[in-house]
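Trainee: This is input.cif (mmCIF, N, CA and C atoms).
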data_target
loop_
_atom_site.group_PDB
_atom_site.id
_atom_site.type_symbol
_atom_site.label_atom_id
_atom_site.label_comp_id
_atom_site.auth_asym_id
_atom_site.auth_seq_id
_atom_site.Cartn_x
_atom_site.Cartn_y
_atom_site.Cartn_z
ATOM 1 N N MET A 1 -15.135 113.462 55.817
ATOM 2 C CA MET A 1 -13.730 113.175 55.981
ATOM 3 C C MET A 1 -12.999 114.502 56.236
ATOM 4 N N ASN A 2 -12.204 114.546 57.295
ATOM 5 C CA ASN A 2 -11.502 115.788 57.624
ATOM 6 C C ASN A 2 -10.240 115.953 56.773
ATOM 7 N N GLN A 3 -9.645 117.130 56.845
ATOM 8 C CA GLN A 3 -8.483 117.469 56.025
ATOM 9 C C GLN A 3 -7.301 116.540 56.303
ATOM 10 N N GLU A 4 -7.068 116.205 57.570
ATOM 11 C CA GLU A 4 -5.955 115.322 57.909
ATOM 12 C C GLU A 4 -6.115 113.952 57.243
ATOM 13 N N THR A 5 -7.331 113.421 57.275
ATOM 14 C CA THR A 5 -7.587 112.118 56.666
ATOM 15 C C THR A 5 -7.404 112.175 55.153
ATOM 16 N N LYS A 6 -7.873 113.250 54.543
ATOM 17 C CA LYS A 6 -7.711 113.407 53.099
ATOM 18 C C LYS A 6 -6.233 113.461 52.724
ATOM 19 N N ILE A 7 -5.461 114.222 53.484
ATOM 20 C CA ILE A 7 -4.020 114.327 53.220
ATOM 21 C C ILE A 7 -3.349 112.973 53.443
ATOM 22 N N ALA A 8 -3.718 112.282 54.509
ATOM 23 C CA ALA A 8 -3.134 110.962 54.793
ATOM 24 C C ALA A 8 -3.405 110.006 53.642
ATOM 25 N N ASN A 9 -4.624 110.003 53.140
ATOM 26 C CA ASN A 9 -4.971 109.123 52.013
ATOM 27 C C ASN A 9 -4.175 109.490 50.762
ATOM 28 N N GLU A 10 -4.043 110.778 50.511
ATOM 29 C CA GLU A 10 -3.294 111.223 49.335
ATOM 30 C C GLU A 10 -1.810 110.881 49.475
ATOM 31 N N LEU A 11 -1.262 111.018 50.669
ATOM 32 C CA LEU A 11 0.135 110.643 50.888
ATOM 33 C C LEU A 11 0.353 109.158 50.617
ATOM 34 N N GLN A 12 -0.589 108.337 51.032
ATOM 35 C CA GLN A 12 -0.466 106.899 50.772
ATOM 36 C C GLN A 12 -0.520 106.617 49.271
ATOM 37 N N LYS A 13 -1.399 107.312 48.556
ATOM 38 C CA LYS A 13 -1.468 107.156 47.099
ATOM 39 C C LYS A 13 -0.147 107.564 46.463
ATOM 40 N N MET A 14 0.413 108.668 46.942
ATOM 41 C CA MET A 14 1.678 109.145 46.399
ATOM 42 C C MET A 14 2.808 108.150 46.674
ATOM 43 N N LEU A 15 2.774 107.495 47.825
ATOM 44 C CA LEU A 15 3.763 106.456 48.120
ATOM 45 C C LEU A 15 3.630 105.294 47.145
ATOM 46 N N ILE A 16 2.404 104.875 46.915
ATOM 47 C CA ILE A 16 2.152 103.755 45.991
ATOM 48 C C ILE A 16 2.587 104.112 44.576
ATOM 49 N N GLU A 17 2.355 105.367 44.179
ATOM 50 C CA GLU A 17 2.706 105.825 42.836
ATOM 51 C C GLU A 17 4.191 106.186 42.721
ATOM 52 N N ASN A 18 4.930 106.010 43.801
ATOM 53 C CA ASN A 18 6.367 106.299 43.835
ATOM 54 C C ASN A 18 6.667 107.765 43.529
ATOM 55 N N LEU A 19 5.845 108.669 44.048
ATOM 56 C CA LEU A 19 6.009 110.100 43.829
ATOM 57 C C LEU A 19 6.709 110.807 44.988
ATOM 58 N N ILE A 20 7.124 110.039 45.971
ATOM 59 C CA ILE A 20 7.772 110.610 47.150
ATOM 60 C C ILE A 20 9.228 110.181 47.160
ATOM 61 N N PRO A 21 10.137 111.142 47.340
ATOM 62 C CA PRO A 21 11.565 110.788 47.363
ATOM 63 C C PRO A 21 11.861 109.707 48.408
ATOM 64 N N VAL A 22 12.732 108.811 48.046
ATOM 65 C CA VAL A 22 13.097 107.699 48.919
ATOM 66 C C VAL A 22 13.564 108.192 50.285
ATOM 67 N N SER A 23 14.232 109.316 50.297
ATOM 68 C CA SER A 23 14.809 109.837 51.540
ATOM 69 C C SER A 23 13.756 110.175 52.599
ATOM 70 N N VAL A 24 12.512 110.414 52.203
ATOM 71 C CA VAL A 24 11.469 110.766 53.176
ATOM 72 C C VAL A 24 10.299 109.788 53.179
ATOM 73 N N GLN A 25 10.382 108.700 52.427
ATOM 74 C CA GLN A 25 9.264 107.761 52.341
ATOM 75 C C GLN A 25 8.859 107.193 53.693
ATOM 76 N N GLU A 26 9.829 106.783 54.482
ATOM 77 C CA GLU A 26 9.512 106.201 55.785
ATOM 78 C C GLU A 26 8.835 107.231 56.689
ATOM 79 N N ASP A 27 9.371 108.454 56.706
ATOM 80 C CA ASP A 27 8.773 109.519 57.515
ATOM 81 C C ASP A 27 7.345 109.811 57.065
ATOM 82 N N ILE A 28 7.141 109.882 55.756
ATOM 83 C CA ILE A 28 5.806 110.176 55.222
ATOM 84 C C ILE A 28 4.835 109.052 55.568
ATOM 85 N N ASN A 29 5.288 107.826 55.497
ATOM 86 C CA ASN A 29 4.421 106.700 55.842
ATOM 87 C C ASN A 29 3.972 106.798 57.293
ATOM 88 N N VAL A 30 4.888 107.070 58.194
ATOM 89 C CA VAL A 30 4.561 107.201 59.615
ATOM 90 C C VAL A 30 3.632 108.393 59.849
ATOM 91 N N LEU A 31 3.954 109.531 59.218
ATOM 92 C CA LEU A 31 3.133 110.727 59.402
ATOM 93 C C LEU A 31 1.726 110.550 58.843
ATOM 94 N N SER A 32 1.598 109.853 57.728
ATOM 95 C CA SER A 32 0.257 109.653 57.164
ATOM 96 C C SER A 32 -0.593 108.783 58.085
ATOM 97 N N GLU A 33 0.024 107.794 58.720
ATOM 98 C CA GLU A 33 -0.706 106.972 59.689
ATOM 99 C C GLU A 33 -1.147 107.811 60.884
ATOM 100 N N LYS A 34 -0.254 108.673 61.365
ATOM 101 C CA LYS A 34 -0.594 109.539 62.498
ATOM 102 C C LYS A 34 -1.704 110.519 62.129
ATOM 103 N N LEU A 35 -1.652 111.057 60.913
ATOM 104 C CA LEU A 35 -2.716 111.959 60.457
ATOM 105 C C LEU A 35 -4.055 111.219 60.404
ATOM 106 N N ALA A 36 -4.043 110.038 59.829
ATOM 107 C CA ALA A 36 -5.270 109.260 59.682
ATOM 108 C C ALA A 36 -5.868 108.885 61.037
ATOM 109 N N ASN A 37 -5.001 108.641 62.017
ATOM 110 C CA ASN A 37 -5.472 108.246 63.349
ATOM 111 C C ASN A 37 -5.788 109.429 64.254
ATOM 112 N N GLY A 38 -5.481 110.631 63.783
ATOM 113 C CA GLY A 38 -5.724 111.817 64.593
ATOM 114 C C GLY A 38 -4.663 112.061 65.653
ATOM 115 N N ASP A 39 -3.517 111.401 65.513
ATOM 116 C CA ASP A 39 -2.434 111.554 66.489
ATOM 117 C C ASP A 39 -1.604 112.816 66.250
ATOM 118 N N ILE A 40 -1.760 113.427 65.077
ATOM 119 C CA ILE A 40 -1.022 114.638 64.724
ATOM 120 C C ILE A 40 -1.907 115.473 63.802
ATOM 121 N N THR A 41 -1.711 116.771 63.829
ATOM 122 C CA THR A 41 -2.495 117.653 62.960
ATOM 123 C C THR A 41 -1.591 118.230 61.870
ATOM 124 N N LEU A 42 -2.209 118.780 60.839
ATOM 125 C CA LEU A 42 -1.441 119.414 59.774
ATOM 126 C C LEU A 42 -0.609 120.572 60.324
ATOM 127 N N GLY A 43 -1.147 121.305 61.272
ATOM 128 C CA GLY A 43 -0.422 122.412 61.875
ATOM 129 C C GLY A 43 0.860 121.972 62.552
ATOM 130 N N GLU A 44 0.828 120.815 63.171
ATOM 131 C CA GLU A 44 2.020 120.300 63.848
ATOM 132 C C GLU A 44 3.108 119.884 62.860
ATOM 133 N N LEU A 45 2.722 119.620 61.632
ATOM 134 C CA LEU A 45 3.689 119.178 60.633
ATOM 135 C C LEU A 45 4.477 120.326 60.020
ATOM 136 N N GLU A 46 4.034 121.554 60.263
ATOM 137 C CA GLU A 46 4.716 122.714 59.695
ATOM 138 C C GLU A 46 6.149 122.847 60.200
ATOM 139 N N ASN A 47 6.463 122.250 61.336
ATOM 140 C CA ASN A 47 7.799 122.347 61.920
ATOM 141 C C ASN A 47 8.688 121.154 61.563
ATOM 142 N N LYS A 48 8.230 120.322 60.662
ATOM 143 C CA LYS A 48 9.004 119.142 60.270
ATOM 144 C C LYS A 48 10.061 119.513 59.241
ATOM 145 N N ASP A 49 10.831 118.522 58.852
ATOM 146 C CA ASP A 49 11.859 118.659 57.827
ATOM 147 C C ASP A 49 11.271 119.292 56.564
ATOM 148 N N GLN A 50 12.039 120.144 55.919
ATOM 149 C CA GLN A 50 11.559 120.870 54.739
ATOM 150 C C GLN A 50 11.081 119.927 53.637
ATOM 151 N N PHE A 51 11.764 118.803 53.435
ATOM 152 C CA PHE A 51 11.351 117.849 52.408
ATOM 153 C C PHE A 51 9.986 117.252 52.743
ATOM 154 N N VAL A 52 9.752 116.976 54.003
ATOM 155 C CA VAL A 52 8.462 116.450 54.445
ATOM 156 C C VAL A 52 7.373 117.492 54.207
ATOM 157 N N VAL A 53 7.653 118.734 54.555
ATOM 158 C CA VAL A 53 6.697 119.823 54.361
ATOM 159 C C VAL A 53 6.350 119.964 52.874
ATOM 160 N N GLU A 54 7.350 119.861 52.002
ATOM 161 C CA GLU A 54 7.117 119.960 50.562
ATOM 162 C C GLU A 54 6.215 118.834 50.063
ATOM 163 N N VAL A 55 6.433 117.625 50.533
ATOM 164 C CA VAL A 55 5.614 116.488 50.112
ATOM 165 C C VAL A 55 4.175 116.687 50.586
ATOM 166 N N ILE A 56 4.004 117.159 51.797
ATOM 167 C CA ILE A 56 2.653 117.402 52.319
ATOM 168 C C ILE A 56 1.960 118.489 51.505
ATOM 169 N N GLN A 57 2.702 119.512 51.112
ATOM 170 C CA GLN A 57 2.138 120.575 50.276
ATOM 171 C C GLN A 57 1.711 120.018 48.917
ATOM 172 N N LYS A 58 2.502 119.128 48.344
ATOM 173 C CA LYS A 58 2.131 118.505 47.074
ATOM 174 C C LYS A 58 0.843 117.706 47.230
ATOM 175 N N ALA A 59 0.715 116.992 48.346
ATOM 176 C CA ALA A 59 -0.502 116.231 48.594
ATOM 177 C C ALA A 59 -1.707 117.161 48.710
ATOM 178 N N LYS A 60 -1.540 118.279 49.397
ATOM 179 C CA LYS A 60 -2.611 119.277 49.517
ATOM 180 C C LYS A 60 -3.025 119.773 48.135
ATOM 181 N N ASN A 61 -2.048 120.065 47.314
ATOM 182 C CA ASN A 61 -2.323 120.553 45.958
ATOM 183 C C ASN A 61 -3.059 119.521 45.116
ATOM 184 N N ARG A 62 -2.711 118.267 45.297
ATOM 185 C CA ARG A 62 -3.341 117.199 44.516
ATOM 186 C C ARG A 62 -4.810 117.015 44.867
ATOM 187 N N ILE A 63 -5.168 117.256 46.132
ATOM 188 C CA ILE A 63 -6.576 117.074 46.516
ATOM 189 C C ILE A 63 -7.383 118.345 46.332
ATOM 190 N N GLY A 64 -6.671 119.425 46.034
ATOM 191 C CA GLY A 64 -7.358 120.700 45.756
ATOM 192 C C GLY A 64 -7.630 121.437 46.984
#
Translate the structure described by the file into C-alpha cells.
Mentor:
Amino acid sequence: MNQETKIANELQKMLIENLIPVSVQEDINVLSEKLANGDITLGELENKDQFVVEVIQKAKNRIG
C-alpha cells in the first residue's frame, strides 16, 4: 500500500471518528478519494488550504 492510500484510509477513519473540523470535512472527503484513486499526490496537497494541510499532517502523524 502506497503512502497516498495509507493517508486516504487514515483520513476516512478520522472523518468517521469526527476528528476533522466541520469546515474542511467535505474537502477532506474529496481529497481522500482522489488520493486513494491516484488522482492526486501528497505533494500536490501542499498548496491547499492551511486547515486541509494541517489535517493531512495529523493523518501522517497517526500512521507514523
Trainee: What gap, in Å, lies between atom N of Arg62 (chain A) and atom N of Glu44 (chain A)?
Mentor: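 Rounded to one decimal, the two atoms are 18.4 Å apart.
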Trainee: Would you kindly translate the PyMOL selection byres ((chain A and resi 5) around 8) into the concrete residues it picks from this file, as a tab-separated table (two decimals) with N, CA and C atoms, in the coordinates of the input?
Mentor:
chain	number	residue	atom	x	y	z
A	1	MET	N	-15.14	113.46	55.82
A	1	MET	CA	-13.73	113.18	55.98
A	1	MET	C	-13.00	114.50	56.24
A	2	ASN	N	-12.20	114.55	57.30
A	2	ASN	CA	-11.50	115.79	57.62
A	2	ASN	C	-10.24	115.95	56.77
A	3	GLN	N	-9.64	117.13	56.84
A	3	GLN	CA	-8.48	117.47	56.02
A	3	GLN	C	-7.30	116.54	56.30
A	4	GLU	N	-7.07	116.20	57.57
A	4	GLU	CA	-5.96	115.32	57.91
A	4	GLU	C	-6.12	113.95	57.24
A	6	LYS	N	-7.87	113.25	54.54
A	6	LYS	CA	-7.71	113.41	53.10
A	6	LYS	C	-6.23	113.46	52.72
A	7	ILE	N	-5.46	114.22	53.48
A	7	ILE	CA	-4.02	114.33	53.22
A	7	ILE	C	-3.35	112.97	53.44
A	8	ALA	N	-3.72	112.28	54.51
A	8	ALA	CA	-3.13	110.96	54.79
A	8	ALA	C	-3.40	110.01	53.64
A	9	ASN	N	-4.62	110.00	53.14
A	9	ASN	CA	-4.97	109.12	52.01
A	9	ASN	C	-4.18	109.49	50.76
A	10	GLU	N	-4.04	110.78	50.51
A	10	GLU	CA	-3.29	111.22	49.34
A	10	GLU	C	-1.81	110.88	49.48
A	11	LEU	N	-1.26	111.02	50.67
A	11	LEU	CA	0.14	110.64	50.89
A	11	LEU	C	0.35	109.16	50.62
A	32	SER	N	1.60	109.85	57.73
A	32	SER	CA	0.26	109.65	57.16
A	32	SER	C	-0.59	108.78	58.08
A	34	LYS	N	-0.25	108.67	61.36
A	34	LYS	CA	-0.59	109.54	62.50
A	34	LYS	C	-1.70	110.52	62.13
A	35	LEU	N	-1.65	111.06	60.91
A	35	LEU	CA	-2.72	111.96	60.46
A	35	LEU	C	-4.06	111.22	60.40
A	36	ALA	N	-4.04	110.04	59.83
A	36	ALA	CA	-5.27	109.26	59.68
A	36	ALA	C	-5.87	108.88	61.04
A	37	ASN	N	-5.00	108.64	62.02
A	37	ASN	CA	-5.47	108.25	63.35
A	37	ASN	C	-5.79	109.43	64.25
A	38	GLY	N	-5.48	110.63	63.78
A	38	GLY	CA	-5.72	111.82	64.59
A	38	GLY	C	-4.66	112.06	65.65
Trainee: Got a sec to resolve the PyMOL selection byres (((chain A and resi 13-24 and name CA) around 10) and name CA) on this structure and send the residues as a ChimeraX atom specification?
Mentor: /A:7-12,25-29,49,51-52,54-56,58-59,62
Trainee: Include N, CA and C atoms and write out the residues we just selected as a compact mmCIF listing (two decimals), in the coordinates of the input.
Mentor:
# COMPACT_ATOMS: atom_id res chain seq x y z
N ILE A 7 -5.46 114.22 53.48
CA ILE A 7 -4.02 114.33 53.22
C ILE A 7 -3.35 112.97 53.44
N ALA A 8 -3.72 112.28 54.51
CA ALA A 8 -3.13 110.96 54.79
C ALA A 8 -3.40 110.01 53.64
N ASN A 9 -4.62 110.00 53.14
CA ASN A 9 -4.97 109.12 52.01
C ASN A 9 -4.18 109.49 50.76
N GLU A 10 -4.04 110.78 50.51
CA GLU A 10 -3.29 111.22 49.34
C GLU A 10 -1.81 110.88 49.48
N LEU A 11 -1.26 111.02 50.67
CA LEU A 11 0.14 110.64 50.89
C LEU A 11 0.35 109.16 50.62
N GLN A 12 -0.59 108.34 51.03
CA GLN A 12 -0.47 106.90 50.77
C GLN A 12 -0.52 106.62 49.27
N GLN A 25 10.38 108.70 52.43
CA GLN A 25 9.26 107.76 52.34
C GLN A 25 8.86 107.19 53.69
N GLU A 26 9.83 106.78 54.48
CA GLU A 26 9.51 106.20 55.78
C GLU A 26 8.84 107.23 56.69
N ASP A 27 9.37 108.45 56.71
CA ASP A 27 8.77 109.52 57.52
C ASP A 27 7.34 109.81 57.06
N ILE A 28 7.14 109.88 55.76
CA ILE A 28 5.81 110.18 55.22
C ILE A 28 4.84 109.05 55.57
N ASN A 29 5.29 107.83 55.50
CA ASN A 29 4.42 106.70 55.84
C ASN A 29 3.97 106.80 57.29
N ASP A 49 10.83 118.52 58.85
CA ASP A 49 11.86 118.66 57.83
C ASP A 49 11.27 119.29 56.56
N PHE A 51 11.76 118.80 53.44
CA PHE A 51 11.35 117.85 52.41
C PHE A 51 9.99 117.25 52.74
N VAL A 52 9.75 116.98 54.00
CA VAL A 52 8.46 116.45 54.44
C VAL A 52 7.37 117.49 54.21
N GLU A 54 7.35 119.86 52.00
CA GLU A 54 7.12 119.96 50.56
C GLU A 54 6.22 118.83 50.06
N VAL A 55 6.43 117.62 50.53
CA VAL A 55 5.61 116.49 50.11
C VAL A 55 4.18 116.69 50.59
N ILE A 56 4.00 117.16 51.80
CA ILE A 56 2.65 117.40 52.32
C ILE A 56 1.96 118.49 51.50
N LYS A 58 2.50 119.13 48.34
CA LYS A 58 2.13 118.50 47.07
C LYS A 58 0.84 117.71 47.23
N ALA A 59 0.72 116.99 48.35
CA ALA A 59 -0.50 116.23 48.59
C ALA A 59 -1.71 117.16 48.71
N ARG A 62 -2.71 118.27 45.30
CA ARG A 62 -3.34 117.20 44.52
C ARG A 62 -4.81 117.02 44.87
Trainee: Taking all listed atoms of region 35-39 of chain A, build the axis-aligned box, pad each of the six sides by 4 Å, then write its centre and edge lengths in Å to one decimal as AutoDock Vina command-line options.
Mentor:
--center_x -3.7 --center_y 110.5 --center_z 63.1 --size_x 12.3 --size_y 12.6 --size_z 14.8
Trainee: Quick one: DSSP alpha helix (DSSP H) residues in chain A, as JSON, numbers by chain?
Mentor: {"A": [3, 4, 5, 6, 7, 8, 9, 10, 11, 12, 13, 14, 15, 16, 22, 23, 24, 25, 26, 27, 28, 29, 30, 31, 32, 33, 34, 35, 36, 37, 42, 43, 44, 45, 50, 51, 52, 53, 54, 55, 56, 57, 58, 59, 60, 61, 62, 63]}
Trainee: In Å, rounded to a single decimal, give me how far atom N of Gln57 (chain A) is from atom N of Leu45 (chain A).
Mentor: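 Separation of atom N of Leu45 (chain A) and atom N of Gln57 (chain A): 10.5 Å.
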Trainee: Rounded to one decimal in Å, what is the spacing between atom N of Gly64 (chain A) and atom C of Asp39 (chain A)?
Mentor: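 It comes out at 21.9 Å.
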